[in-house]
$ cat structure_21.tsv   # TSV, C-alpha atoms
chain	number	residue	atom	x	y	z
V	1	MET	CA	82.40	104.23	106.11
V	2	ARG	CA	83.03	107.99	106.20
V	3	GLU	CA	81.79	108.04	109.81
V	4	MET	CA	85.06	106.29	110.73
V	5	PHE	CA	86.72	109.73	110.81
V	6	SER	CA	85.02	110.36	114.15
V	7	LEU	CA	87.12	107.58	115.71
V	8	PHE	CA	90.38	109.46	115.23
V	9	GLU	CA	91.96	112.09	117.42
V	10	PRO	CA	93.64	114.98	115.52
V	11	GLN	CA	97.04	114.32	117.09
V	12	THR	CA	97.21	110.87	115.49
V	13	TRP	CA	97.44	112.29	111.97
V	14	ARG	CA	100.77	112.36	110.15
V	15	TYR	CA	102.04	113.26	106.71
V	16	GLU	CA	102.55	110.43	104.24
V	17	ARG	CA	104.28	111.22	100.95
V	18	LYS	CA	104.78	108.49	98.36
V	19	PHE	CA	107.27	108.10	95.53
V	20	VAL	CA	106.54	105.52	92.84
V	21	ILE	CA	109.84	104.50	91.22
V	22	GLN	CA	110.14	102.34	88.12
V	23	GLU	CA	113.44	103.40	86.62
V	24	MET	CA	115.56	102.09	89.51
V	25	SER	CA	115.95	98.78	91.29
V	26	ARG	CA	115.03	98.45	94.95
V	27	GLN	CA	118.73	98.16	95.81
V	28	GLU	CA	119.43	101.47	94.05
V	29	VAL	CA	116.59	103.16	95.93
V	30	GLU	CA	117.89	101.83	99.25
V	31	SER	CA	121.38	103.13	98.44
V	32	ILE	CA	119.97	106.62	97.84
V	33	VAL	CA	118.18	106.52	101.19
V	34	LEU	CA	121.26	105.33	103.09
V	35	LEU	CA	123.39	108.09	101.52
V	36	HIS	CA	120.84	110.80	102.32
V	37	PRO	CA	122.18	113.76	104.40
V	38	ALA	CA	119.45	113.05	106.99
V	39	MET	CA	121.44	109.92	107.89
V	40	PHE	CA	118.74	107.34	107.46
V	41	ARG	CA	119.55	103.92	108.87
V	42	LYS	CA	117.82	100.61	108.37
V	43	ILE	CA	115.69	99.44	111.28
V	44	TYR	CA	113.91	96.13	111.86
V	45	HIS	CA	114.14	93.22	109.45
V	46	GLU	CA	112.61	93.19	106.01
V	47	ARG	CA	109.34	91.32	106.05
V	48	GLN	CA	106.48	90.34	103.79
V	49	VAL	CA	103.32	92.36	104.34
V	50	ASN	CA	99.96	90.80	103.44
V	51	ASN	CA	96.59	92.55	103.24
V	52	ILE	CA	92.99	91.65	102.56
V	53	TYR	CA	91.11	94.79	101.51
V	54	PHE	CA	87.37	95.19	101.99
V	55	ASP	CA	84.95	97.52	100.23
V	56	THR	CA	81.24	98.09	99.79
V	57	PHE	CA	79.34	96.27	97.07
V	58	GLY	CA	79.44	99.48	95.05
V	59	MET	CA	83.21	99.87	95.64
V	60	SER	CA	82.64	103.25	97.28
V	61	ASN	CA	86.02	103.33	99.04
V	62	TYR	CA	87.75	102.71	95.72
V	63	LEU	CA	85.69	105.38	93.95
V	64	HIS	CA	86.29	107.99	96.66
V	65	ASN	CA	90.02	107.45	96.25
V	66	VAL	CA	89.91	107.60	92.44
V	67	VAL	CA	87.97	110.87	92.28
V	68	GLY	CA	90.17	112.40	94.98
V	69	ASN	CA	87.61	113.05	97.72
V	70	SER	CA	89.15	114.97	100.60
V	71	GLN	CA	88.24	112.22	103.08
V	72	ARG	CA	89.12	108.68	102.01
V	73	VAL	CA	88.83	105.35	103.82
V	74	LYS	CA	90.43	101.93	103.39
V	75	VAL	CA	89.64	98.84	105.43
V	76	ARG	CA	92.03	95.89	105.55
V	77	ILE	CA	93.26	92.94	107.55
V	78	ARG	CA	97.06	92.92	107.75
V	79	TRP	CA	99.53	90.25	108.79
V	80	TYR	CA	103.23	89.55	108.29
V	81	GLY	CA	105.18	86.55	107.01
V	82	ASP	CA	103.67	83.73	104.98
V	83	MET	CA	100.51	84.64	103.13
V	84	PHE	CA	98.83	81.27	103.55
V	85	GLY	CA	98.26	78.87	106.41
V	86	HIS	CA	97.56	79.67	110.06
V	87	ILE	CA	97.45	83.44	110.56
V	88	GLY	CA	98.26	83.87	114.22
V	89	LYS	CA	98.32	87.66	114.63
V	90	PRO	CA	96.03	89.38	112.12
V	91	VAL	CA	95.18	93.03	112.68
V	92	LEU	CA	92.16	94.95	111.43
V	93	GLU	CA	93.27	98.38	110.18
V	94	ILE	CA	91.05	101.28	109.21
V	95	LYS	CA	93.17	103.72	107.22
V	96	LEU	CA	92.02	107.30	106.71
V	97	LYS	CA	93.51	109.88	104.35
V	98	SER	CA	92.94	113.59	103.97
V	99	GLY	CA	95.26	115.01	101.35
V	100	TYR	CA	98.80	114.07	102.35
V	101	LEU	CA	97.71	113.48	105.93
V	102	GLY	CA	96.98	109.93	107.03
V	103	SER	CA	96.00	108.07	110.16
V	104	LYS	CA	94.87	104.60	111.10
V	105	ILE	CA	93.33	102.73	113.97
V	106	SER	CA	94.17	99.09	114.55
V	107	PHE	CA	92.39	96.26	116.34
V	108	PRO	CA	93.93	92.81	116.99
V	109	LEU	CA	91.82	89.95	115.63
V	110	GLU	CA	91.49	86.31	116.55
V	111	PRO	CA	93.62	83.89	114.45
V	112	PHE	CA	92.21	82.42	111.24
V	113	GLU	CA	93.19	80.03	108.45
V	114	MET	CA	94.14	81.55	105.11
V	115	ASN	CA	93.19	78.83	102.61
V	116	GLY	CA	90.78	77.96	99.84
V	117	SER	CA	87.82	77.66	102.17
V	118	LEU	CA	88.10	81.26	103.38
V	119	SER	CA	84.79	83.06	102.95
V	120	ILE	CA	83.38	86.51	103.59
V	121	GLY	CA	81.00	84.93	106.09
V	122	GLU	CA	83.97	83.62	108.06
V	123	MET	CA	85.54	87.08	108.07
V	124	ARG	CA	82.36	88.69	109.36
V	125	GLY	CA	82.27	86.09	112.10
V	126	LEU	CA	85.91	86.89	112.88
V	127	PHE	CA	85.05	90.57	113.34
V	128	GLN	CA	82.14	89.68	115.62
V	129	ARG	CA	84.10	87.38	117.93
V	130	SER	CA	87.21	89.57	118.16
V	131	GLU	CA	86.68	91.30	121.50
V	132	HIS	CA	88.97	94.25	120.73
V	133	VAL	CA	86.81	95.46	117.83
V	134	PRO	CA	84.27	98.02	119.10
V	135	GLU	CA	80.60	97.40	118.39
V	136	ALA	CA	80.31	100.56	116.27
V	137	VAL	CA	83.12	99.31	114.04
V	138	ARG	CA	81.59	95.85	113.74
V	139	GLU	CA	78.33	97.40	112.56
V	140	SER	CA	80.17	99.34	109.85
V	141	LEU	CA	82.04	96.24	108.67
V	142	ILE	CA	79.11	93.87	108.34
V	143	THR	CA	78.11	95.19	104.90
V	144	LEU	CA	81.61	95.00	103.40
V	145	ASP	CA	82.87	92.36	100.98
V	146	PHE	CA	86.29	91.12	99.85
V	147	ALA	CA	87.94	93.49	97.38
V	148	LEU	CA	91.62	92.56	96.99
V	149	LEU	CA	94.44	90.44	98.40
V	150	ASN	CA	97.95	91.82	98.05
V	151	SER	CA	101.48	91.40	99.38
V	152	TYR	CA	104.88	93.05	99.14
V	153	VAL	CA	108.30	93.05	100.80
V	154	ARG	CA	108.87	96.06	103.09
V	155	ALA	CA	112.11	97.56	104.44
V	156	TYR	CA	112.18	100.23	107.17
V	157	PHE	CA	114.44	103.25	107.69
V	158	LEU	CA	114.67	106.01	110.33
V	159	SER	CA	116.40	109.40	110.07
V	160	GLY	CA	119.28	110.30	112.36
V	161	ASN	CA	117.09	112.72	114.36
V	162	THR	CA	114.28	110.08	114.44
V	163	ASN	CA	111.76	112.59	113.05
V	164	PHE	CA	111.32	110.94	109.66
V	165	ARG	CA	110.56	107.36	108.75
V	166	ILE	CA	110.83	105.72	105.35
V	167	THR	CA	109.41	102.45	104.10
V	168	ILE	CA	110.42	100.84	100.80
V	169	ASP	CA	108.04	98.31	99.26
V	170	SER	CA	108.92	95.95	96.41
V	171	SER	CA	107.89	92.59	94.88
V	172	LEU	CA	104.27	93.72	94.66
V	173	GLU	CA	101.58	91.11	94.10
V	174	TYR	CA	97.84	91.68	93.60
V	175	ILE	CA	95.55	88.65	93.90
V	176	SER	CA	91.85	88.18	93.24
V	177	ILE	CA	89.73	87.20	96.25
V	178	ILE	CA	86.03	86.35	96.06
V	179	PRO	CA	83.36	85.61	98.72
V	180	ILE	CA	83.81	81.82	98.67
V	181	ARG	CA	86.03	79.05	97.23
V	182	ASN	CA	89.19	80.95	96.42
V	183	THR	CA	92.05	79.46	94.42
V	184	TYR	CA	94.23	82.61	94.55
V	185	MET	CA	95.46	81.81	91.04
V	186	ASP	CA	94.22	85.03	89.43
V	187	LYS	CA	97.11	87.33	90.24
V	188	SER	CA	99.05	90.26	88.83
V	189	LEU	CA	102.75	90.60	89.64
V	190	ASP	CA	104.62	93.90	89.62
V	191	HIS	CA	108.30	93.36	90.33
V	192	ASN	CA	109.37	96.47	88.38
V	193	THR	CA	107.94	99.07	90.75
V	194	THR	CA	109.41	100.23	94.05
V	195	ILE	CA	107.33	102.43	96.34
V	196	LEU	CA	109.07	104.70	98.82
V	197	GLU	CA	106.95	106.37	101.49
V	198	LEU	CA	108.11	109.19	103.74
V	199	LYS	CA	106.18	109.48	107.02
V	200	TYR	CA	106.42	112.16	109.69
V	201	ALA	CA	104.39	114.04	112.30
V	202	ARG	CA	102.64	117.27	111.39
V	203	GLU	CA	105.08	119.41	113.39
V	204	TYR	CA	107.96	118.41	111.09
V	205	ASP	CA	106.31	119.44	107.84
V	206	GLU	CA	108.47	122.54	107.43
V	207	ASP	CA	111.58	120.34	107.49
V	208	ALA	CA	110.22	117.78	105.03
V	209	GLU	CA	111.28	119.75	101.95
V	210	SER	CA	114.93	119.32	102.91
V	211	ILE	CA	114.33	115.57	102.87
V	212	THR	CA	112.42	115.32	99.60
V	213	ASN	CA	114.72	117.74	97.73
V	214	CYS	CA	117.55	115.22	98.04
V	215	PHE	CA	115.59	112.50	96.25
V	216	PRO	CA	116.01	112.15	92.47
V	217	PHE	CA	112.29	111.30	92.11
V	218	ARG	CA	109.02	113.13	92.63
V	219	VAL	CA	106.10	112.73	94.99
V	220	SER	CA	103.39	110.61	93.38
V	221	LYS	CA	99.77	109.86	94.08
V	222	SER	CA	99.73	106.14	94.70
V	223	SER	CA	97.64	103.50	96.44
V	224	LYS	CA	98.38	99.79	96.31
V	225	TYR	CA	94.68	99.11	96.72
V	226	ILE	CA	93.74	101.32	93.78
V	227	ASN	CA	96.61	99.95	91.69
V	228	GLY	CA	95.49	96.40	92.40
V	229	VAL	CA	91.93	97.11	91.32
V	230	ASP	CA	93.13	98.98	88.23
V	231	ARG	CA	95.33	96.06	87.23
V	232	LYS	CA	92.11	94.03	87.07
V	233	ALA	CA	93.25	91.60	89.73
V	234	ILE	CA	89.65	91.38	90.92
$ encode --input "structure_21.tsv" --output "structure tokens"
Amino acid sequence: MREMFSLFEPQTWRYERKFVIQEMSRQEVESIVLLHPAMFRKIYHERQVNNIYFDTFGMSNYLHNVVGNSQRVKVRIRWYGDMFGHIGKPVLEIKLKSGYLGSKISFPLEPFEMNGSLSIGEMRGLFQRSEHVPEAVRESLITLDFALLNSYVRAYFLSGNTNFRITIDSSLEYISIIPIRNTYMDKSLDHNTTILELKYAREYDEDAESITNCFPFRVSKSSKYINGVDRKAI
């Protein structure tokens, strides 16, 4: 999957800095953001984010993240709203990280049914019949298997000058997903952790310190995918 880096143009990369917060409630974290001198305001509506993560049989994407390789890849299907039932607007996302820099490329997929009969064979067929997924990407995906199902509630904020964006994730759930006949009963809930992520274009990196210095918490290395695997949800 490392060849996926060739799909990305340099200008699409942005900084992504995460803060993992366990000593405060989500409401307290949101209050800190809204009182920030950068004049963050809430945008959009809160919504539930759902992801199916994929990995190789040897879990190479997971291992590259754990050991801290400079180039790291995650592959997921993302959708919003209810986790189960008819998924009308799923999106395939290939997420790349290099240090604090991140980028992703997205491809709309055909609808599918999220239920107990979901199988990895069905997902591979979904990739093949989704016309917006390039052939080179399809070839890279055909060897991947289910790795993790997760969800969380996300709120969105934008700075007064529109240069910085913040997301706040809470009500984290990590659920086991296997190649066939899923019950989705093997899950791990984490309602004590809030994850704040600061996102901005490369040209604003010199100004980022003025943003982070006003937070009473520190930048953390965090990945919901890695956390889900480590919590033995799979």
$ closest_residue --input "structure_21.tsv" --among "V:Ile21, V:Leu158, V:Met83, V:Met114" --to "Lys221 in chain V" --atoms "only C-alpha atoms"
V:Ile21
$ atom_distance --input "structure_21.tsv" --atom1 "CA of Val20 in chain V" --atom2 "CA of Ile195 in chain V"
4.7 Å
$ closest_residue --input "structure_21.tsv" --among "V:Ser119, V:Ser188, V:Ser171, V:Thr12" --to "Leu101 in chain V" --atoms "all atoms listed in the file"
V:Thr12
$ closest_residue --input "structure_21.tsv" --among "V:Gly125, V:Pro216, V:Gly99, V:Gly160" --to "Arg14 in chain V" --atoms "all atoms listed in the file"
V:Gly99
$ atom_distance --input "structure_21.tsv" --atom1 "CA of Leu109 in chain V" --atom2 "CA of Pro134 in chain V"
11.6 Å
$ atom_distance --input "structure_21.tsv" --atom1 "CA of Asn213 in chain V" --atom2 "CA of Tyr100 in chain V"
17.0 Å
$ residues_around --input "structure_21.tsv" --residues "Lys187 in chain V" --least-positions-apart "6" --cutoff "12 Å" --atoms "all atoms listed in the file" --output "ChimeraX atom specification"
/V:148-151,172-177,228-229,231-234
$ residues_around --input "structure_21.tsv" --residues "Ser220 in chain V" --least-positions-apart "5" --cutoff "9 Å" --atoms "only C-alpha atoms" --output "PyMOL selection string"
chain V and resi 17-20
$ build_atoms --input "structure_21.tsv" --residues "range 159-181 of chain V" --atoms "N, CA and C atoms" --output "CSV table (one decimal), in the frame of the given file"
chain,number,residue,atom,x,y,z
V,159,SER,N,115.4,108.3,110.2
V,159,SER,CA,116.4,109.4,110.1
V,159,SER,C,117.2,109.5,111.3
V,160,GLY,N,118.4,110.2,111.2
V,160,GLY,CA,119.3,110.3,112.4
V,160,GLY,C,118.6,111.0,113.5
V,161,ASN,N,117.8,112.0,113.3
V,161,ASN,CA,117.1,112.7,114.4
V,161,ASN,C,115.8,112.0,114.8
V,162,THR,N,115.5,110.9,114.2
V,162,THR,CA,114.3,110.1,114.4
V,162,THR,C,113.0,110.8,114.1
V,163,ASN,N,113.0,111.9,113.4
V,163,ASN,CA,111.8,112.6,113.0
V,163,ASN,C,111.1,112.1,111.8
V,164,PHE,N,111.8,111.4,110.9
V,164,PHE,CA,111.3,110.9,109.7
V,164,PHE,C,111.5,109.4,109.5
V,165,ARG,N,110.5,108.8,109.0
V,165,ARG,CA,110.6,107.4,108.8
V,165,ARG,C,110.3,107.1,107.3
V,166,ILE,N,111.0,106.1,106.7
V,166,ILE,CA,110.8,105.7,105.4
V,166,ILE,C,110.5,104.2,105.3
V,167,THR,N,109.6,103.9,104.4
V,167,THR,CA,109.4,102.4,104.1
V,167,THR,C,109.6,102.3,102.6
V,168,ILE,N,110.2,101.2,102.2
V,168,ILE,CA,110.4,100.8,100.8
V,168,ILE,C,109.8,99.5,100.5
V,169,ASP,N,108.8,99.5,99.6
V,169,ASP,CA,108.0,98.3,99.3
V,169,ASP,C,108.4,97.8,97.9
V,170,SER,N,108.6,96.5,97.7
V,170,SER,CA,108.9,96.0,96.4
V,170,SER,C,108.3,94.6,96.3
V,171,SER,N,108.5,93.9,95.1
V,171,SER,CA,107.9,92.6,94.9
V,171,SER,C,106.4,92.6,95.1
V,172,LEU,N,105.7,93.5,94.5
V,172,LEU,CA,104.3,93.7,94.7
V,172,LEU,C,103.5,92.6,94.0
V,173,GLU,N,102.5,92.1,94.7
V,173,GLU,CA,101.6,91.1,94.1
V,173,GLU,C,100.1,91.5,94.4
V,174,TYR,N,99.3,91.4,93.4
V,174,TYR,CA,97.8,91.7,93.6
V,174,TYR,C,97.1,90.4,93.2
V,175,ILE,N,96.2,89.9,94.1
V,175,ILE,CA,95.6,88.6,93.9
V,175,ILE,C,94.0,88.8,94.1
V,176,SER,N,93.3,88.2,93.2
V,176,SER,CA,91.8,88.2,93.2
V,176,SER,C,91.4,87.4,94.5
V,177,ILE,N,90.3,87.9,95.1
V,177,ILE,CA,89.7,87.2,96.2
V,177,ILE,C,88.2,87.4,96.2
V,178,ILE,N,87.5,86.3,96.2
V,178,ILE,CA,86.0,86.4,96.1
V,178,ILE,C,85.4,85.8,97.3
V,179,PRO,N,84.0,86.0,97.5
V,179,PRO,CA,83.4,85.6,98.7
V,179,PRO,C,83.5,84.2,99.2
V,180,ILE,N,83.6,83.2,98.3
V,180,ILE,CA,83.8,81.8,98.7
V,180,ILE,C,84.7,81.1,97.7
V,181,ARG,N,85.3,80.0,98.1
V,181,ARG,CA,86.0,79.0,97.2
V,181,ARG,C,87.1,79.7,96.4
